[in-house]
$ cat structure-v7.csv   # CSV, C-alpha atoms
chain,number,residue,atom,x,y,z
A,151,MET,CA,-10.2,-26.3,43.5
A,152,SER,CA,-7.9,-23.9,41.8
A,153,ARG,CA,-8.0,-26.1,38.7
A,154,LYS,CA,-11.8,-25.7,38.5
A,155,THR,CA,-11.7,-22.0,38.9
A,156,LYS,CA,-9.1,-21.7,36.1
A,157,ASP,CA,-11.3,-23.9,33.8
A,158,ARG,CA,-14.3,-21.7,34.4
A,159,LYS,CA,-12.3,-18.6,33.7
A,160,LEU,CA,-11.1,-20.1,30.5
A,161,THR,CA,-14.6,-20.9,29.3
A,162,LYS,CA,-15.7,-17.4,30.2
A,163,THR,CA,-13.1,-15.7,28.0
A,164,ASP,CA,-13.1,-18.4,25.4
A,165,GLY,CA,-14.4,-17.4,21.9
A,166,PHE,CA,-15.0,-14.1,20.3
A,167,ASP,CA,-18.0,-12.0,21.2
A,168,PRO,CA,-18.6,-8.9,19.0
A,169,ALA,CA,-21.6,-7.9,21.1
A,170,ARG,CA,-19.4,-7.7,24.2
A,171,ARG,CA,-16.8,-5.6,22.4
A,172,SER,CA,-19.4,-3.2,21.0
A,173,PHE,CA,-20.9,-2.9,24.5
A,174,LEU,CA,-17.5,-1.9,25.9
A,175,GLY,CA,-17.1,0.5,23.0
A,176,ALA,CA,-20.4,2.1,23.8
A,177,MET,CA,-19.4,2.4,27.5
A,178,ALA,CA,-16.2,4.2,26.5
A,179,THR,CA,-18.2,6.6,24.3
A,180,ALA,CA,-20.7,7.3,27.1
A,181,ALA,CA,-17.8,8.1,29.4
A,182,GLY,CA,-16.4,10.5,26.9
A,183,VAL,CA,-19.7,12.3,26.7
A,184,THR,CA,-19.9,12.6,30.5
A,185,LEU,CA,-16.3,13.9,30.7
A,186,ALA,CA,-17.1,16.7,28.3
A,187,PRO,CA,-20.4,18.3,29.4
A,188,GLY,CA,-21.9,21.0,27.3
A,189,VAL,CA,-20.6,19.5,24.1
A,190,ILE,CA,-23.5,18.7,21.8
A,191,LEU,CA,-23.3,17.0,18.4
A,192,TYR,CA,-25.9,18.5,16.2
A,193,GLY,CA,-25.6,16.0,13.4
A,194,ILE,CA,-22.9,14.9,11.1
A,195,THR,CA,-23.0,15.5,7.4
A,196,LYS,CA,-22.0,12.3,5.7
A,197,SER,CA,-20.2,12.3,2.4
A,198,SER,CA,-21.8,10.4,-0.4
A,199,PRO,CA,-19.8,8.5,-3.0
A,200,ALA,CA,-20.6,11.2,-5.5
A,201,ASN,CA,-19.1,13.7,-3.1
A,202,ALA,CA,-15.4,13.0,-3.5
A,203,ARG,CA,-13.3,13.3,-0.3
A,204,ALA,CA,-10.7,16.0,-0.6
A,205,LEU,CA,-7.2,14.7,-1.3
A,206,ASP,CA,-5.9,16.2,1.9
A,207,SER,CA,-8.5,14.9,4.2
A,208,ALA,CA,-8.1,11.5,5.8
A,209,ALA,CA,-10.4,8.5,5.3
A,210,SER,CA,-13.3,8.9,7.8
A,211,SER,CA,-15.2,6.4,9.8
A,212,ASP,CA,-18.5,8.1,8.8
A,213,VAL,CA,-18.1,6.0,5.6
A,214,ARG,CA,-18.3,2.3,5.5
A,215,TRP,CA,-17.5,1.0,2.0
A,216,GLY,CA,-19.3,-2.1,1.0
A,217,MET,CA,-20.5,-4.1,-2.0
A,218,LEU,CA,-23.7,-5.9,-2.8
A,219,ILE,CA,-23.4,-8.7,-5.4
A,220,ASP,CA,-26.6,-10.0,-7.0
A,221,LEU,CA,-25.8,-13.6,-7.9
A,222,ASN,CA,-28.8,-13.8,-10.2
A,223,ARG,CA,-26.9,-11.6,-12.5
A,224,CYS,CA,-23.6,-13.4,-12.1
A,225,ASP,CA,-23.0,-15.9,-14.8
A,226,ASN,CA,-21.2,-19.2,-14.3
A,227,GLY,CA,-18.7,-18.8,-17.0
A,228,CYS,CA,-18.0,-15.1,-16.6
A,229,ASP,CA,-14.7,-14.0,-14.9
A,230,ASP,CA,-14.5,-10.4,-16.0
A,231,CYS,CA,-14.1,-9.2,-12.4
A,232,VAL,CA,-11.1,-11.5,-11.9
A,233,SER,CA,-9.3,-10.4,-15.1
A,234,ALA,CA,-10.1,-6.8,-14.4
A,235,CYS,CA,-8.6,-7.1,-10.9
A,236,ALA,CA,-5.4,-8.7,-12.3
A,237,LYS,CA,-5.0,-6.0,-14.9
A,238,GLU,CA,-5.7,-3.1,-12.6
A,239,ASN,CA,-3.4,-4.3,-9.8
A,240,GLY,CA,-0.7,-5.8,-12.0
A,241,LEU,CA,-1.2,-9.4,-10.8
A,242,ARG,CA,0.8,-11.9,-12.9
A,243,GLY,CA,0.7,-15.6,-12.6
A,244,PHE,CA,3.9,-17.7,-12.5
A,245,GLY,CA,2.2,-20.9,-13.7
A,246,ARG,CA,1.8,-22.1,-10.1
A,247,PRO,CA,-2.0,-21.9,-9.4
A,248,GLU,CA,-1.5,-23.1,-5.8
A,249,THR,CA,0.5,-20.1,-4.8
A,250,ASP,CA,-0.1,-17.4,-7.5
A,251,ALA,CA,-1.7,-14.3,-6.1
A,252,GLN,CA,-5.4,-14.2,-6.2
A,253,TRP,CA,-7.3,-11.2,-4.9
A,254,ILE,CA,-10.7,-12.2,-6.3
A,255,ARG,CA,-11.8,-15.7,-7.5
A,256,LYS,CA,-15.0,-17.2,-8.8
A,257,VAL,CA,-16.3,-20.0,-6.5
A,258,ASP,CA,-18.8,-22.4,-8.0
A,259,ILE,CA,-21.2,-24.0,-5.5
A,260,LYS,CA,-23.7,-26.8,-6.0
A,261,ASN,CA,-26.3,-28.4,-3.8
A,262,PRO,CA,-25.6,-32.2,-4.4
A,263,ASP,CA,-29.2,-33.1,-3.4
A,264,THR,CA,-31.0,-30.8,-5.9
A,265,GLY,CA,-28.3,-29.9,-8.4
A,266,TYR,CA,-28.9,-26.2,-7.8
A,267,SER,CA,-25.7,-24.3,-8.5
A,268,LYS,CA,-24.4,-20.8,-8.2
A,269,SER,CA,-21.2,-19.0,-9.0
A,270,LEU,CA,-20.0,-16.2,-6.8
A,271,PRO,CA,-17.0,-13.9,-6.8
A,272,VAL,CA,-15.2,-14.0,-3.5
A,273,MET,CA,-12.6,-11.5,-2.4
A,274,CYS,CA,-11.5,-10.0,0.9
A,275,GLN,CA,-14.8,-9.4,2.6
A,276,HIS,CA,-13.6,-6.3,4.4
A,277,CYS,CA,-14.9,-7.4,7.8
A,278,GLU,CA,-15.9,-5.0,10.5
A,279,GLU,CA,-14.2,-7.3,13.0
A,280,PRO,CA,-11.3,-8.7,10.8
A,281,PRO,CA,-9.6,-11.8,12.3
A,282,CYS,CA,-6.5,-11.1,10.1
A,283,VAL,CA,-6.1,-7.8,12.1
A,284,ASP,CA,-6.6,-9.6,15.4
A,285,VAL,CA,-3.8,-12.1,14.8
A,286,CYS,CA,-1.2,-9.9,13.1
A,287,PRO,CA,1.8,-9.7,15.4
A,288,THR,CA,3.2,-6.5,13.9
A,289,GLY,CA,0.1,-4.5,13.2
A,290,ALA,CA,0.7,-4.7,9.5
A,291,SER,CA,-2.8,-6.0,8.9
A,292,PHE,CA,-5.1,-3.1,9.6
A,293,LYS,CA,-8.5,-1.7,8.9
A,294,ARG,CA,-8.7,1.8,7.5
A,295,ALA,CA,-11.2,4.2,9.1
A,296,ASP,CA,-13.6,3.7,6.2
A,297,GLY,CA,-13.7,0.0,6.7
A,298,ILE,CA,-11.2,-1.1,4.1
A,299,VAL,CA,-8.9,-3.9,5.4
A,300,LEU,CA,-5.4,-3.5,4.1
A,301,VAL,CA,-1.8,-4.8,4.6
A,302,ASP,CA,0.9,-2.3,5.4
A,303,LYS,CA,3.8,-4.1,3.6
A,304,HIS,CA,6.3,-1.9,5.3
A,305,THR,CA,5.6,-3.7,8.5
A,306,CYS,CA,4.5,-7.1,7.2
A,307,ILE,CA,7.0,-9.8,8.1
A,308,GLY,CA,5.3,-12.5,6.0
A,309,CYS,CA,4.4,-14.8,8.9
A,310,ARG,CA,1.1,-15.6,7.2
A,311,TYR,CA,-0.9,-15.8,10.4
A,312,CYS,CA,-3.6,-13.7,8.7
A,313,MET,CA,-3.9,-16.2,5.9
A,314,MET,CA,-4.7,-18.9,8.4
A,315,ALA,CA,-7.0,-16.7,10.3
A,316,CYS,CA,-9.1,-15.5,7.3
A,317,PRO,CA,-12.2,-17.7,7.0
A,318,TYR,CA,-12.6,-16.6,3.4
A,319,LYS,CA,-9.1,-17.7,2.1
A,320,ALA,CA,-8.9,-14.1,0.8
A,321,ARG,CA,-5.2,-13.5,1.2
A,322,SER,CA,-2.2,-14.5,-0.9
A,323,PHE,CA,1.5,-14.6,-0.1
A,324,VAL,CA,4.0,-13.4,-2.7
A,325,HIS,CA,6.6,-16.1,-3.4
A,326,GLU,CA,8.5,-14.5,-6.3
A,327,VAL,CA,10.6,-11.5,-6.8
A,328,LEU,CA,8.5,-8.9,-8.6
A,329,GLU,CA,9.3,-6.1,-10.9
A,330,ASP,CA,7.4,-3.2,-12.6
A,331,GLN,CA,4.5,-3.2,-10.1
A,332,LYS,CA,1.8,-0.6,-10.5
A,333,SER,CA,2.7,2.6,-8.7
A,334,TYR,CA,-0.6,2.6,-6.8
A,335,ALA,CA,-0.4,-1.1,-5.9
A,336,PRO,CA,3.0,-1.9,-4.6
A,337,ARG,CA,3.6,-5.6,-3.8
A,338,GLY,CA,6.6,-7.7,-3.2
A,339,LYS,CA,8.1,-11.0,-2.2
A,340,GLY,CA,7.7,-12.0,1.4
A,341,THR,CA,4.6,-10.1,2.1
A,342,VAL,CA,0.9,-11.0,2.3
A,343,GLU,CA,-1.6,-9.2,0.2
A,344,SER,CA,-5.3,-9.2,-0.6
A,345,CYS,CA,-8.1,-7.2,-2.3
A,346,THR,CA,-7.7,-3.5,-1.4
A,347,LEU,CA,-11.2,-2.7,-2.7
A,348,CYS,CA,-9.1,-0.7,-5.2
A,349,VAL,CA,-8.4,1.8,-2.5
A,350,HIS,CA,-6.5,4.1,-4.9
A,351,ARG,CA,-9.6,4.3,-7.1
A,352,ILE,CA,-11.9,4.9,-4.2
A,353,ASP,CA,-9.7,7.8,-3.0
A,354,ALA,CA,-10.0,9.2,-6.5
A,355,ASP,CA,-13.8,8.9,-6.4
A,356,GLN,CA,-13.9,5.9,-8.8
A,357,GLN,CA,-15.4,2.4,-8.4
A,358,PRO,CA,-13.3,-0.7,-7.9
A,359,ALA,CA,-12.0,-2.3,-11.1
A,360,CYS,CA,-14.1,-5.4,-10.7
A,361,VAL,CA,-17.3,-3.5,-10.2
A,362,GLU,CA,-16.6,-1.4,-13.3
A,363,ALA,CA,-15.8,-4.4,-15.4
A,364,CYS,CA,-18.9,-6.2,-14.2
A,365,SER,CA,-21.2,-3.3,-15.3
A,366,ASP,CA,-19.3,-2.8,-18.5
A,367,THR,CA,-19.0,-6.3,-19.9
A,368,GLY,CA,-20.4,-8.6,-17.2
A,369,GLY,CA,-23.9,-8.9,-15.9
A,370,GLY,CA,-23.9,-5.7,-13.8
A,371,ALA,CA,-24.1,-7.9,-10.6
A,372,MET,CA,-21.8,-5.8,-8.4
A,373,LEU,CA,-22.9,-2.6,-6.7
A,374,PHE,CA,-20.3,-0.6,-4.7
A,375,GLY,CA,-21.1,2.2,-2.2
A,376,ASP,CA,-21.2,3.6,1.3
A,377,LEU,CA,-23.3,1.4,3.6
A,378,ASN,CA,-23.4,4.2,6.2
A,379,ASP,CA,-25.0,6.7,3.9
A,380,PRO,CA,-28.8,6.1,4.0
A,381,GLY,CA,-29.2,7.9,0.7
A,382,SER,CA,-26.8,5.7,-1.2
A,383,GLU,CA,-28.1,3.1,-3.7
A,384,ILE,CA,-26.4,0.2,-1.8
A,385,ALA,CA,-27.9,1.2,1.5
A,386,THR,CA,-31.3,1.5,0.0
A,387,ARG,CA,-31.1,-1.9,-1.7
A,388,VAL,CA,-29.7,-3.6,1.4
A,389,ALA,CA,-32.6,-2.1,3.4
A,390,LYS,CA,-35.2,-3.1,0.8
A,391,TYR,CA,-34.1,-6.6,-0.2
A,392,ALA,CA,-32.8,-9.6,1.7
A,393,SER,CA,-29.0,-10.0,1.4
A,394,GLN,CA,-26.6,-12.4,3.0
A,395,GLN,CA,-23.0,-12.4,4.2
A,396,ILE,CA,-20.9,-15.5,3.7
A,397,ARG,CA,-20.3,-17.2,7.1
A,398,ALA,CA,-22.5,-14.7,8.8
A,399,ASP,CA,-22.4,-17.0,11.8
A,400,LEU,CA,-18.9,-15.9,12.6
A,401,GLY,CA,-20.2,-12.5,13.5
A,402,LEU,CA,-17.4,-10.6,11.6
A,403,ASN,CA,-19.9,-8.4,9.7
A,404,PRO,CA,-18.3,-8.3,6.3
A,405,GLY,CA,-18.8,-5.3,4.1
A,406,ILE,CA,-19.4,-7.6,1.1
A,407,ARG,CA,-23.0,-8.8,0.9
A,408,TYR,CA,-24.6,-11.2,-1.6
A,409,ARG,CA,-28.2,-11.4,-2.9
A,410,ASN,CA,-29.9,-14.6,-4.1
A,411,LEU,CA,-27.2,-16.9,-2.6
B,172,MET,CA,65.1,13.2,22.7
B,173,LYS,CA,61.5,12.3,23.7
B,174,LEU,CA,60.4,15.8,22.8
B,175,ARG,CA,61.9,15.7,19.4
B,176,ARG,CA,60.2,12.4,18.6
B,177,THR,CA,56.8,13.9,19.6
B,178,SER,CA,57.3,16.9,17.4
B,179,ILE,CA,58.3,14.8,14.4
B,180,GLY,CA,55.1,12.8,15.0
B,181,MET,CA,53.0,16.0,15.1
B,182,LEU,CA,54.6,17.2,11.8
B,183,ALA,CA,53.7,13.9,10.1
B,184,ILE,CA,50.1,14.1,11.2
B,185,MET,CA,49.9,17.7,10.0
B,186,LEU,CA,51.3,16.7,6.6
B,187,VAL,CA,48.7,13.9,6.3
B,188,CYS,CA,45.9,16.3,7.1
B,189,LEU,CA,47.2,18.9,4.6
B,190,SER,CA,47.4,16.3,1.8
B,191,SER,CA,43.9,15.1,2.4
B,192,LEU,CA,42.6,18.6,2.3
B,193,ALA,CA,44.3,19.1,-1.0
B,194,ASN,CA,42.5,16.0,-2.2
B,195,VAL,CA,39.2,17.5,-1.3
B,196,VAL,CA,40.0,20.7,-3.1
B,197,TYR,CA,41.1,18.7,-6.1
B,198,ALA,CA,37.8,16.7,-6.0
B,199,GLN,CA,35.8,19.9,-6.3
B,200,ASP,CA,37.5,20.9,-9.5
B,201,SER,CA,37.5,17.6,-11.4
B,202,VAL,CA,35.0,14.8,-11.9
B,203,ASN,CA,37.2,12.1,-13.1
B,204,MET,CA,40.0,12.0,-10.8
B,205,ASP,CA,43.0,9.9,-11.4
B,206,ALA,CA,43.8,9.7,-7.7
B,207,GLY,CA,42.0,10.2,-4.4
B,208,VAL,CA,38.4,9.3,-3.5
B,209,PRO,CA,36.1,8.6,-6.5
B,210,LEU,CA,32.8,10.4,-6.4
B,211,PRO,CA,29.5,8.9,-7.5
B,212,ALA,CA,28.1,10.0,-10.9
B,213,ILE,CA,24.6,11.0,-10.1
B,214,PRO,CA,22.2,11.3,-13.1
B,215,MET,CA,20.4,14.7,-13.5
B,216,GLY,CA,16.7,14.8,-12.8
B,217,GLN,CA,14.1,16.1,-15.1
B,218,GLY,CA,12.8,19.6,-14.9
B,219,ASP,CA,14.2,22.8,-13.4
B,220,SER,CA,14.2,21.9,-9.7
B,221,CYS,CA,13.3,19.2,-7.2
B,222,VAL,CA,10.4,19.5,-4.7
B,223,LYS,CA,13.0,20.9,-2.3
B,224,ASP,CA,16.6,22.1,-2.8
B,225,THR,CA,19.3,19.6,-3.5
B,226,ASP,CA,21.1,19.9,-0.2
B,227,PHE,CA,17.8,19.4,1.7
B,228,MET,CA,16.9,16.4,-0.4
B,229,ARG,CA,20.2,14.7,0.0
B,230,ARG,CA,19.9,14.7,3.8
B,231,ASN,CA,16.1,14.3,4.2
B,232,HIS,CA,14.6,12.5,1.3
B,233,MET,CA,14.1,9.4,3.4
B,234,ASP,CA,12.2,11.2,6.0
B,235,LEU,CA,9.9,12.8,3.5
B,236,LEU,CA,9.2,9.4,1.9
B,237,LYS,CA,8.6,7.7,5.2
B,238,HIS,CA,6.2,10.3,6.4
B,239,GLN,CA,4.4,10.3,3.2
B,240,ARG,CA,4.0,6.6,3.0
B,241,ASP,CA,2.3,6.4,6.4
B,242,GLU,CA,0.0,9.2,5.6
B,243,THR,CA,-1.1,7.7,2.4
B,244,LEU,CA,-1.4,4.1,3.4
B,245,LEU,CA,-2.9,4.5,6.8
B,246,LYS,CA,-5.1,7.5,6.4
B,247,GLY,CA,-5.6,7.7,2.6
B,248,LEU,CA,-4.1,11.1,2.2
B,249,ARG,CA,-3.1,11.4,-1.4
B,250,GLY,CA,-2.7,15.1,-2.0
B,251,GLU,CA,0.7,15.5,-0.4
B,252,GLN,CA,3.6,17.1,-2.1
B,253,TYR,CA,6.1,14.2,-1.9
B,254,SER,CA,5.8,10.8,-3.4
B,255,LEU,CA,8.1,8.0,-4.5
B,256,LYS,CA,6.2,7.9,-7.8
B,257,GLU,CA,7.2,11.5,-8.5
B,258,CYS,CA,10.8,10.7,-7.6
B,259,ILE,CA,10.9,7.8,-9.9
B,260,SER,CA,9.4,9.6,-12.9
B,261,CYS,CA,11.6,12.7,-12.7
B,262,HIS,CA,14.8,10.8,-11.9
B,263,ALA,CA,14.3,8.0,-14.4
B,264,VAL,CA,17.5,7.1,-16.3
B,265,TYR,CA,17.1,5.8,-19.8
B,266,GLY,CA,19.1,3.0,-21.3
B,267,PRO,CA,20.4,2.8,-24.9
B,268,ASP,CA,17.0,1.4,-26.0
B,269,ALA,CA,15.3,4.5,-24.6
B,270,THR,CA,13.5,2.6,-21.9
B,271,PRO,CA,13.9,3.5,-18.3
B,272,LEU,CA,16.4,1.5,-16.4
B,273,THR,CA,15.4,-0.6,-13.3
B,274,VAL,CA,17.2,-0.6,-10.0
B,275,ALA,CA,19.0,-3.7,-11.3
B,276,SER,CA,21.2,-1.3,-13.3
B,277,PRO,CA,24.1,0.4,-11.4
B,278,GLU,CA,23.2,3.6,-13.3
B,279,HIS,CA,19.8,3.9,-11.7
B,280,PHE,CA,19.4,7.2,-9.9
B,281,CYS,CA,18.9,5.8,-6.4
B,282,ARG,CA,21.6,3.2,-6.8
B,283,SER,CA,24.2,5.6,-8.1
B,284,CYS,CA,24.4,7.1,-4.7
B,285,HIS,CA,23.2,4.3,-2.4
B,286,ASP,CA,25.9,1.9,-3.8
B,287,TYR,CA,28.5,4.6,-3.1
B,288,ALA,CA,27.3,5.2,0.4
B,289,ALA,CA,26.8,1.4,1.0
B,290,VAL,CA,23.2,2.0,2.2
B,291,SER,CA,20.8,-0.7,1.1
B,292,ILE,CA,17.3,0.3,0.0
B,293,ASP,CA,14.3,-1.9,0.4
B,294,CYS,CA,11.8,0.3,-1.4
B,295,PHE,CA,12.1,-1.5,-4.7
B,296,GLN,CA,11.2,-4.9,-3.3
B,297,CYS,CA,7.6,-3.7,-3.5
B,298,HIS,CA,7.7,-0.5,-5.5
B,299,ALA,CA,8.4,-0.2,-9.2
B,300,SER,CA,11.9,1.3,-9.8
B,301,ARG,CA,11.0,2.8,-13.1
B,302,PRO,CA,8.0,4.8,-14.3
B,303,GLU,CA,5.2,3.4,-16.4
B,304,SER,CA,4.8,5.2,-19.7
B,305,GLY,CA,1.8,7.0,-18.4
B,306,ASP,CA,3.7,8.3,-15.3
B,307,LEU,CA,6.3,10.3,-17.2
B,308,PRO,CA,6.3,14.0,-16.7
B,309,ALA,CA,4.7,16.1,-19.5
B,310,GLY,CA,7.0,17.0,-22.3
B,311,HIS,CA,9.5,14.3,-21.5
B,312,GLN,CA,11.2,12.7,-24.5
B,313,PRO,CA,12.8,9.5,-23.5
B,314,GLY,CA,16.2,9.0,-25.1
B,315,SER,CA,16.8,12.6,-26.0
B,316,THR,CA,19.5,14.7,-24.3
B,317,PHE,CA,18.6,13.1,-21.0
B,318,PRO,CA,20.4,11.6,-18.9
B,319,THR,CA,23.3,13.8,-18.2
B,320,THR,CA,25.4,13.3,-15.1
B,321,ALA,CA,26.5,15.6,-12.4
B,322,THR,CA,28.9,15.2,-9.5
B,323,VAL,CA,28.1,15.5,-5.9
B,324,ASN,CA,29.1,19.2,-6.3
B,325,GLY,CA,26.9,19.8,-9.3
B,326,SER,CA,23.6,21.5,-9.1
B,327,GLN,CA,21.4,18.4,-8.8

$ encode --input "structure-v7.csv" --output "structure tokens"
Amino acid sequence: MSRKTKDRKLTKTDGFDPARRSFLGAMATAAGVTLAPGVILYGITKSSPANARALDSAASSDVRWGMLIDLNRCDNGCDDCVSACAKENGLRGFGRPETDAQWIRKVDIKNPDTGYSKSLPVMCQHCEEPPCVDVCPTGASFKRADGIVLVDKHTCIGCRYCMMACPYKARSFVHEVLEDQKSYAPRGKGTVESCTLCVHRIDADQQPACVEACSDTGGGAMLFGDLNDPGSEIATRVAKYASQQIRADLGLNPGIRYRNL
Amino acid sequence: MKLRRTSIGMLAIMLVCLSSLANVVYAQDSVNMDAGVPLPAIPMGQGDSCVKDTDFMRRNHMDLLKHQRDETLLKGLRGEQYSLKECISCHAVYGPDATPLTVASPEHFCRSCHDYAAVSIDCFQCHASRPESGDLPAGHQPGSTFPTTATVNGSQ
């Protein structure tokens, strides 16, 4: 009898349910409002990408950084985003493609029945519900308030659970001793790393390096901006045109969206 | 008999204390001592002064850096006064070929003292231990009069 009850309990809690989590979150918020009567929020002014956040103010959850990549403008042979990322963040290969750091890569897909093919840049998808953060035993893998998923290498022990948990294969492990890293992108042996969405550039009110390279020399396929700001170009385009997330079925709500996939 | 032995012992201890005190005084006067405890040769930093005075920095630099790293990484605060990048660019030591030395060299600013104090530092497993050419302070001329060395009792 007890065995049966146990089994039922297991199936109940089995699997991840973002809806349940957000419901609990909403309940907590509602409780907070009841606990503090008389406090009314009149409306929150949201900062737009053009409105640089002051250097001494922390990243805010009013902002959700995201990217919209139009694959009709992304050429098969072009890898300007990949080389711009490597240059910006000081990524160097060691002639070992299996383990060399890779923050962004071009993935070519083809429908074998029709022969229809596409090439898409894939990097950390900066999920709203990042599985890498869920599995991290030390709290090194974390999501910043503005939706950027990062690794705190001060606490990363290099266990690589996050690499296994990530459905996008977005993370790399550093196998070699490194020297002369970029001052804004510290990285070292024994830690895991991935696309930071060029967080140092975002904090300085600039676009990520891949987006800049794509508009300068590539096809201008990548658009970066604040998904939470209804006035931003990315939010308008996402509202107007159909866009897709990779493996949307997982319910992780990535901040990177694709058009014409 | 017993009392006399005790007093001789006391005298010996006092003598040892006095001689070590003399050593300390001697150390303050001279950099290169022939005898006694050797002191670390700490390269001078660039500019007039550090972000805080030398005594404070000697004792608290690690706390400033640790506080700063958490603020920057976790919250994205980048306007703070202290940063490892600034330390590295002001305290860079230049080799004979006028390029900044990495932490692999015992003359590196951080190593000169950390080696002496036998405290290992992990910072440079991930952070660059020398500045990029773009990170150098304004007006700095690599390979000129810099670096000079100072003792623990020097100004910097």

$ interface_residues --input "structure-v7.csv" --of "chain A" --to "chain B" --cutoff "6 Å" --atoms "all atoms listed in the file" --output "list of chain:residue names"
A:Leu205, A:Asp206, A:Ala208, A:Ala209, A:Asp330, A:Gln331, A:Pro336, A:Arg337, A:Gly338

$ atom_distance --input "structure-v7.csv" --atom1 "CA of Thr264 (chain A)" --atom2 "CA of Asp229 (chain A)"
25.1 Å

$ atom_distance --input "structure-v7.csv" --atom1 "CA of Asp284 (chain A)" --atom2 "CA of Val301 (chain A)"
12.8 Å

$ residues_around --input "structure-v7.csv" --residues "Cys281 (chain B)" --least-positions-apart "4" --cutoff "10 Å" --atoms "all atoms listed in the file" --output "ChimeraX atom specification"
/B:213-214,258-259,262-263,274,277,285-286,292,300

$ atom_distance --input "structure-v7.csv" --atom1 "CA of Lys390 (chain A)" --atom2 "CA of Val213 (chain A)"
20.0 Å

$ closest_residue --input "structure-v7.csv" --among "A:Leu328, A:Val342, A:Ile406, A:Cys274" --to "Cys286 (chain A)" --atoms "all atoms listed in the file"
A:Val342

$ residues_near_point --input "structure-v7.csv" --point "(-5.2, -0.7, 1.0)" --cutoff "9 Å" --atoms "all atoms listed in the file" --output "tab-separated table (two decimals) with C-alpha atoms, keeping the file's coordinate frame"
chain	number	residue	atom	x	y	z
A	292	PHE	CA	-5.10	-3.10	9.60
A	293	LYS	CA	-8.50	-1.70	8.90
A	294	ARG	CA	-8.70	1.80	7.50
A	298	ILE	CA	-11.20	-1.10	4.10
A	299	VAL	CA	-8.90	-3.90	5.40
A	300	LEU	CA	-5.40	-3.50	4.10
A	301	VAL	CA	-1.80	-4.80	4.60
A	302	ASP	CA	0.90	-2.30	5.40
A	335	ALA	CA	-0.40	-1.10	-5.90
A	344	SER	CA	-5.30	-9.20	-0.60
A	345	CYS	CA	-8.10	-7.20	-2.30
A	346	THR	CA	-7.70	-3.50	-1.40
A	347	LEU	CA	-11.20	-2.70	-2.70
A	348	CYS	CA	-9.10	-0.70	-5.20
A	349	VAL	CA	-8.40	1.80	-2.50
A	350	HIS	CA	-6.50	4.10	-4.90
B	244	LEU	CA	-1.40	4.10	3.40
B	245	LEU	CA	-2.90	4.50	6.80
B	247	GLY	CA	-5.60	7.70	2.60

$ residues_around --input "structure-v7.csv" --residues "region 400-404 of chain A" --least-positions-apart "3" --cutoff "8 Å" --atoms "all atoms listed in the file" --output "VMD selection string"
chain A and resid 168 275 to 281 395 397 407

$ residues_around --input "structure-v7.csv" --residues "Ala392 (chain A)" --least-positions-apart "6" --cutoff "10 Å" --atoms "all atoms listed in the file" --output "tab-separated table (two decimals) with C-alpha atoms, in the frame of the given file"
chain	number	residue	atom	x	y	z
A	407	ARG	CA	-23.00	-8.80	0.90
A	408	TYR	CA	-24.60	-11.20	-1.60
A	409	ARG	CA	-28.20	-11.40	-2.90
A	410	ASN	CA	-29.90	-14.60	-4.10
